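Heads up: the structure comes next, in structure tokens.
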Amino acid sequence: MTTTQRPVGKWLPWVALACLVVPMFGSYFFDDMFSTVSFIFKDPSLLELGWNSTDYGFYAGGYSTLCVFGGLVLCGILLDKWGVRITGSIFVAMMIGGAALVYGALRSGTAPGKSLAVAYTGCMLFGLGSEIAGTAVNRSIAKWFKGGNMALAMGVQLSIARLGSATAMVVAPMLIVEKPGAVYSLAETASPAFVGLMLLLLGGVLWAVFVAMDARFDARRLALSRHPGDPTCHLGDPTCHSGDATRHSGLDPESSSEDEFHLSDVWKVLTNKNFLLVALLCVFFYSSIISFKKFGGAILVPRFNISATTAGWMVASLPFSTVIFAPLFGLLVDKFGKGTRWMIAGSILAVAAHLLLAFAPQGVPFWGYLSMALLGFGYSLVPAALWPSLPKIVPEKALGTAFALTYWVQNLGLMLFKTVSGKIFDASGEAGPVHAELMFIGLAALSIVTALLLALVSKKNPQLGLDRAAGR
């Protein structure tokens with residue numbers, strides 16, 4: 001084994017991670033703050049805000065608008081060009097500013113059309129800011145945990161972010177208590193947004209702490225590259241190995257122009273077949289689960305003869321399950337490797353879950369619970385191995401672009417399959433749940449095929465380290 005040096009102590013990456021997860025927790029909370037209280041929009045006469053369900057849907061769609069129409073890719077390029085600290089700070093601020101605009105619109109008391117326009121603008125800014133902030137977080141984790149427990153760190157980040165969604169689903173009904181026939185005030189309606197905004201402000205403070213830590217990290221790494229024999233260095237981090245990592249990351253001002261990000265690197269990422277496989281797996285797998293979540297109640301209630309409340313808790317179990325299992329599976333990926341095998345296993349579980357949702361005996365709740373358990377395991381397994389694979393197949397200088405392109409393709413897929421799902425329900429009547437599930441089965445099956453192709457790539461190209469354990 002090669003002797004290497006570490007620019008920071010072994011515990012500092014975890015402190016950095018603690019600073020990074022709070023903005024993502026707040027982002028997920030704010031995004032899902034109305035998911036379990038959307039009933040308030042059914043009758044605008046009982047809502048001082050005056051929005052109806054169509055208005056709420058229009059507002060929620062604002063999250064992806066700037067992301068889908070090029071903003072996500074452009075900002076990913078800026079992330080590689082300007083670096084995590086500058087670009088990340090801009091978009092964390094945009095995320096917080098957009099959330100503040102939404103909260104202001106909800107409390108404004110203006111005409112429904114005006115408040116909706118302001119909230120939609122805020123949601124667009126919040127959405128783009130959140131996606132780029134998430135890209136900056138993943139890029140930072142890849143940097144701070146390079147050669148270490150990267151999969152575990154990404155699993156912890158993912159689980160805490162999804163805990164934000166789960167927390168919103170539980171807390172929002174406590175803030176907006178259902179009261180049939182009574183009017184919901186502006187203060188009540190905006191209360192989840194206020195909590196979310198406070199969480200985002202806390203996340204902004206901790207992001208600033210991380211920026212200071214990251215600047216010190218880079219200064220230390222640069223110093224070690226110039227003095228590789230410094231006895232104050234610790235062992236175990238390839239980022240300090242004879243200055244190689246600093247030169248390859250572009251941090252050394254004396255590094256060659258070949259190690260700096262260029263616009264041509266975007267084309268290199270797009271034509272990287274391994275990257276395309278990861279992006280396709282992301283689209284197929286996430287679409288089979290997230291699109292299902294949006295219509296979960298419409299599927300579970302008629303298929304298994306359960307109440308809407310029970311169906312809501314069953315769907316909420318998906319993000320809750322990742323809180324426990326995403327870090328656990330990330331640790332297993334780090335310890336044993338075999339990342340592509342984990343992706344295959346998670347995709348198989350997703351297919352099994354959707355098969356049960358479509359064809360299990362009608363009116364038996366047990367099959368619904370079992371399908372959610374299988375889907376929860378799959379929802380934790382695949383991401384635990386998928387996201388750490390990107391830094392292994394894309395150079396660090398283009399990693400922000402790679403993450404942004406993956407999120408962009410994912411958003412396109414989600415927008416498409418959510419729309420198709422809605423059309424299936426409108427066109428199929430009572431057969432809608434089964435017909436929608438056939439689409440989800442197909443998507444999950446495509447994720448198995450894509451994961452198998454990645455396993456083949458890993459076998460033919462072991463130097464990529466897709467199936468290698470951490471530190472080997």
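Following the order of the structure tokens, first chain is A, next is B, and so on, with residues numbered from 1 inside each chain and ligands from 1 in the order they appear.
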
ask   = stretch 13-17 of chain A: which residues within 7 Å, counting only C-alpha atoms, same-chain residues fewer than 6 positions away excluded, as a list in words?
value =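 Near neighbours after the sequence-gap exclusion: Trp144, Phe145 and Phe210 of chain A.
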
Which residues are close to A:Ala105, i.e. within 8 Å by only C-alpha atoms, leaving aside same-chain residues fewer than 5 positions away? Reply as a PDB file with C-alpha atoms, in the first residue's frame.
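Done, and the output landed in result-v2.pdb:
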ATOM      1  CA  THR A 110     -52.587  40.363  -1.921  1.00  0.00           C
ATOM      2  CA  SER A 115     -49.384  36.218  -4.578  1.00  0.00           C
ATOM      3  CA  LEU A 116     -49.203  33.177  -6.869  1.00  0.00           C
ATOM      4  CA  VAL A 118     -44.571  36.077  -6.589  1.00  0.00           C
ATOM      5  CA  ALA A 119     -44.574  32.611  -4.998  1.00  0.00           C
TER       6      ALA A 119
END

Correct to one decimal, the distance atom CA of A:Ala193-atom CA of A:Phe30 is 6.4 Å

Could you tell me, as an mmCIF file with C-alpha atoms, in the first residue's frame, which residues of stretch 5-128 of chain A DSSP assigns to helix (DSSP H, G or I) when given the backbone?
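Output below, filename out.cif:
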data_model
loop_
_atom_site.group_PDB
_atom_site.id
_atom_site.type_symbol
_atom_site.label_atom_id
_atom_site.label_comp_id
_atom_site.auth_asym_id
_atom_site.auth_seq_id
_atom_site.Cartn_x
_atom_site.Cartn_y
_atom_site.Cartn_z
ATOM 1 C CA LEU A 12 -12.687 17.136 10.258
ATOM 2 C CA PRO A 13 -14.395 15.698 7.138
ATOM 3 C CA TRP A 14 -17.291 14.657 9.376
ATOM 4 C CA VAL A 15 -17.486 18.169 10.836
ATOM 5 C CA ALA A 16 -17.590 19.491 7.272
ATOM 6 C CA LEU A 17 -20.344 16.996 6.450
ATOM 7 C CA ALA A 18 -22.354 18.174 9.469
ATOM 8 C CA CYS A 19 -22.226 21.704 8.060
ATOM 9 C CA LEU A 20 -23.249 20.502 4.588
ATOM 10 C CA VAL A 21 -26.289 18.409 5.547
ATOM 11 C CA VAL A 22 -28.265 21.145 7.305
ATOM 12 C CA PRO A 23 -28.896 23.260 4.159
ATOM 13 C CA MET A 24 -30.091 20.101 2.391
ATOM 14 C CA PHE A 25 -32.366 19.155 5.308
ATOM 15 C CA GLY A 26 -33.926 22.617 5.117
ATOM 16 C CA SER A 27 -34.240 22.414 1.335
ATOM 17 C CA TYR A 28 -36.085 19.084 1.413
ATOM 18 C CA PHE A 29 -38.325 20.304 4.248
ATOM 19 C CA PHE A 30 -39.310 23.456 2.347
ATOM 20 C CA ASP A 31 -39.940 21.547 -0.892
ATOM 21 C CA SER A 38 -52.598 19.870 0.208
ATOM 22 C CA PHE A 39 -56.268 19.384 1.184
ATOM 23 C CA ILE A 40 -56.380 23.081 2.151
ATOM 24 C CA PHE A 41 -56.317 24.010 -1.551
ATOM 25 C CA PRO A 44 -60.306 28.379 -2.090
ATOM 26 C CA SER A 45 -63.306 29.963 -0.323
ATOM 27 C CA LEU A 46 -62.018 28.429 2.916
ATOM 28 C CA SER A 53 -55.470 22.982 -6.303
ATOM 29 C CA THR A 54 -54.536 24.077 -9.823
ATOM 30 C CA ASP A 55 -52.799 27.150 -8.397
ATOM 31 C CA TYR A 56 -50.921 24.969 -5.937
ATOM 32 C CA GLY A 57 -49.856 22.617 -8.727
ATOM 33 C CA PHE A 58 -48.679 25.580 -10.793
ATOM 34 C CA TYR A 59 -46.669 26.901 -7.834
ATOM 35 C CA ALA A 60 -45.076 23.495 -7.147
ATOM 36 C CA GLY A 61 -44.089 23.131 -10.804
ATOM 37 C CA GLY A 62 -41.963 26.250 -10.506
ATOM 38 C CA TYR A 63 -39.280 24.219 -8.738
ATOM 39 C CA SER A 64 -38.142 22.539 -11.961
ATOM 40 C CA THR A 65 -38.691 25.367 -14.452
ATOM 41 C CA LEU A 66 -35.227 26.946 -14.407
ATOM 42 C CA CYS A 67 -33.609 23.551 -13.831
ATOM 43 C CA VAL A 68 -35.123 21.951 -16.926
ATOM 44 C CA PHE A 69 -34.603 24.889 -19.254
ATOM 45 C CA GLY A 70 -30.832 24.969 -19.057
ATOM 46 C CA GLY A 71 -30.199 26.686 -15.733
ATOM 47 C CA LEU A 72 -29.007 23.537 -13.994
ATOM 48 C CA VAL A 73 -26.429 22.656 -16.663
ATOM 49 C CA LEU A 74 -25.148 26.232 -16.983
ATOM 50 C CA CYS A 75 -24.746 26.563 -13.234
ATOM 51 C CA GLY A 76 -23.009 23.181 -13.044
ATOM 52 C CA ILE A 77 -20.431 24.525 -15.501
ATOM 53 C CA LEU A 78 -20.011 27.617 -13.312
ATOM 54 C CA LEU A 79 -19.480 25.315 -10.344
ATOM 55 C CA ASP A 80 -16.481 23.739 -12.064
ATOM 56 C CA LYS A 81 -15.247 27.083 -13.405
ATOM 57 C CA TRP A 82 -15.546 29.152 -10.234
ATOM 58 C CA VAL A 84 -17.538 25.166 -4.817
ATOM 59 C CA ARG A 85 -17.079 28.071 -2.439
ATOM 60 C CA ILE A 86 -18.058 30.908 -4.789
ATOM 61 C CA THR A 87 -20.729 29.120 -6.824
ATOM 62 C CA GLY A 88 -22.142 27.221 -3.859
ATOM 63 C CA SER A 89 -22.457 30.414 -1.815
ATOM 64 C CA ILE A 90 -24.310 32.182 -4.644
ATOM 65 C CA PHE A 91 -26.860 29.391 -4.967
ATOM 66 C CA VAL A 92 -27.296 28.733 -1.259
ATOM 67 C CA ALA A 93 -28.163 32.430 -1.043
ATOM 68 C CA MET A 94 -30.529 32.035 -4.027
ATOM 69 C CA MET A 95 -32.194 29.058 -2.322
ATOM 70 C CA ILE A 96 -32.765 31.064 0.874
ATOM 71 C CA GLY A 97 -33.860 34.166 -1.057
ATOM 72 C CA GLY A 98 -36.367 32.178 -3.098
ATOM 73 C CA ALA A 99 -37.816 30.615 0.055
ATOM 74 C CA ALA A 100 -38.110 34.059 1.646
ATOM 75 C CA LEU A 101 -39.981 35.276 -1.452
ATOM 76 C CA VAL A 102 -42.411 32.346 -1.181
ATOM 77 C CA TYR A 103 -43.014 33.018 2.517
ATOM 78 C CA GLY A 104 -43.579 36.705 1.804
ATOM 79 C CA ALA A 105 -46.124 35.855 -0.907
ATOM 80 C CA LEU A 106 -48.010 33.499 1.419
ATOM 81 C CA ARG A 107 -48.251 36.202 4.110
ATOM 82 C CA PRO A 112 -54.506 35.340 -5.353
ATOM 83 C CA GLY A 113 -53.085 35.940 -8.831
ATOM 84 C CA LYS A 114 -50.424 38.338 -7.563
ATOM 85 C CA SER A 115 -49.384 36.218 -4.578
ATOM 86 C CA LEU A 116 -49.203 33.177 -6.869
ATOM 87 C CA ALA A 117 -46.949 34.997 -9.357
ATOM 88 C CA VAL A 118 -44.571 36.077 -6.589
ATOM 89 C CA ALA A 119 -44.574 32.611 -4.998
ATOM 90 C CA TYR A 120 -43.937 30.974 -8.391
ATOM 91 C CA THR A 121 -40.941 33.248 -8.963
ATOM 92 C CA GLY A 122 -39.652 32.402 -5.501
ATOM 93 C CA CYS A 123 -40.154 28.692 -6.114
ATOM 94 C CA MET A 124 -38.179 28.904 -9.382
ATOM 95 C CA LEU A 125 -35.264 30.578 -7.592
ATOM 96 C CA PHE A 126 -35.530 28.187 -4.655
ATOM 97 C CA GLY A 127 -35.560 25.169 -7.000
ATOM 98 C CA LEU A 128 -32.495 26.164 -9.006
#

With distances taken over only C-alpha atoms, the candidate from A:Ser380, A:Asn461, A:Thr271, A:Asn411 nearest A:Val333 is A:Ser380
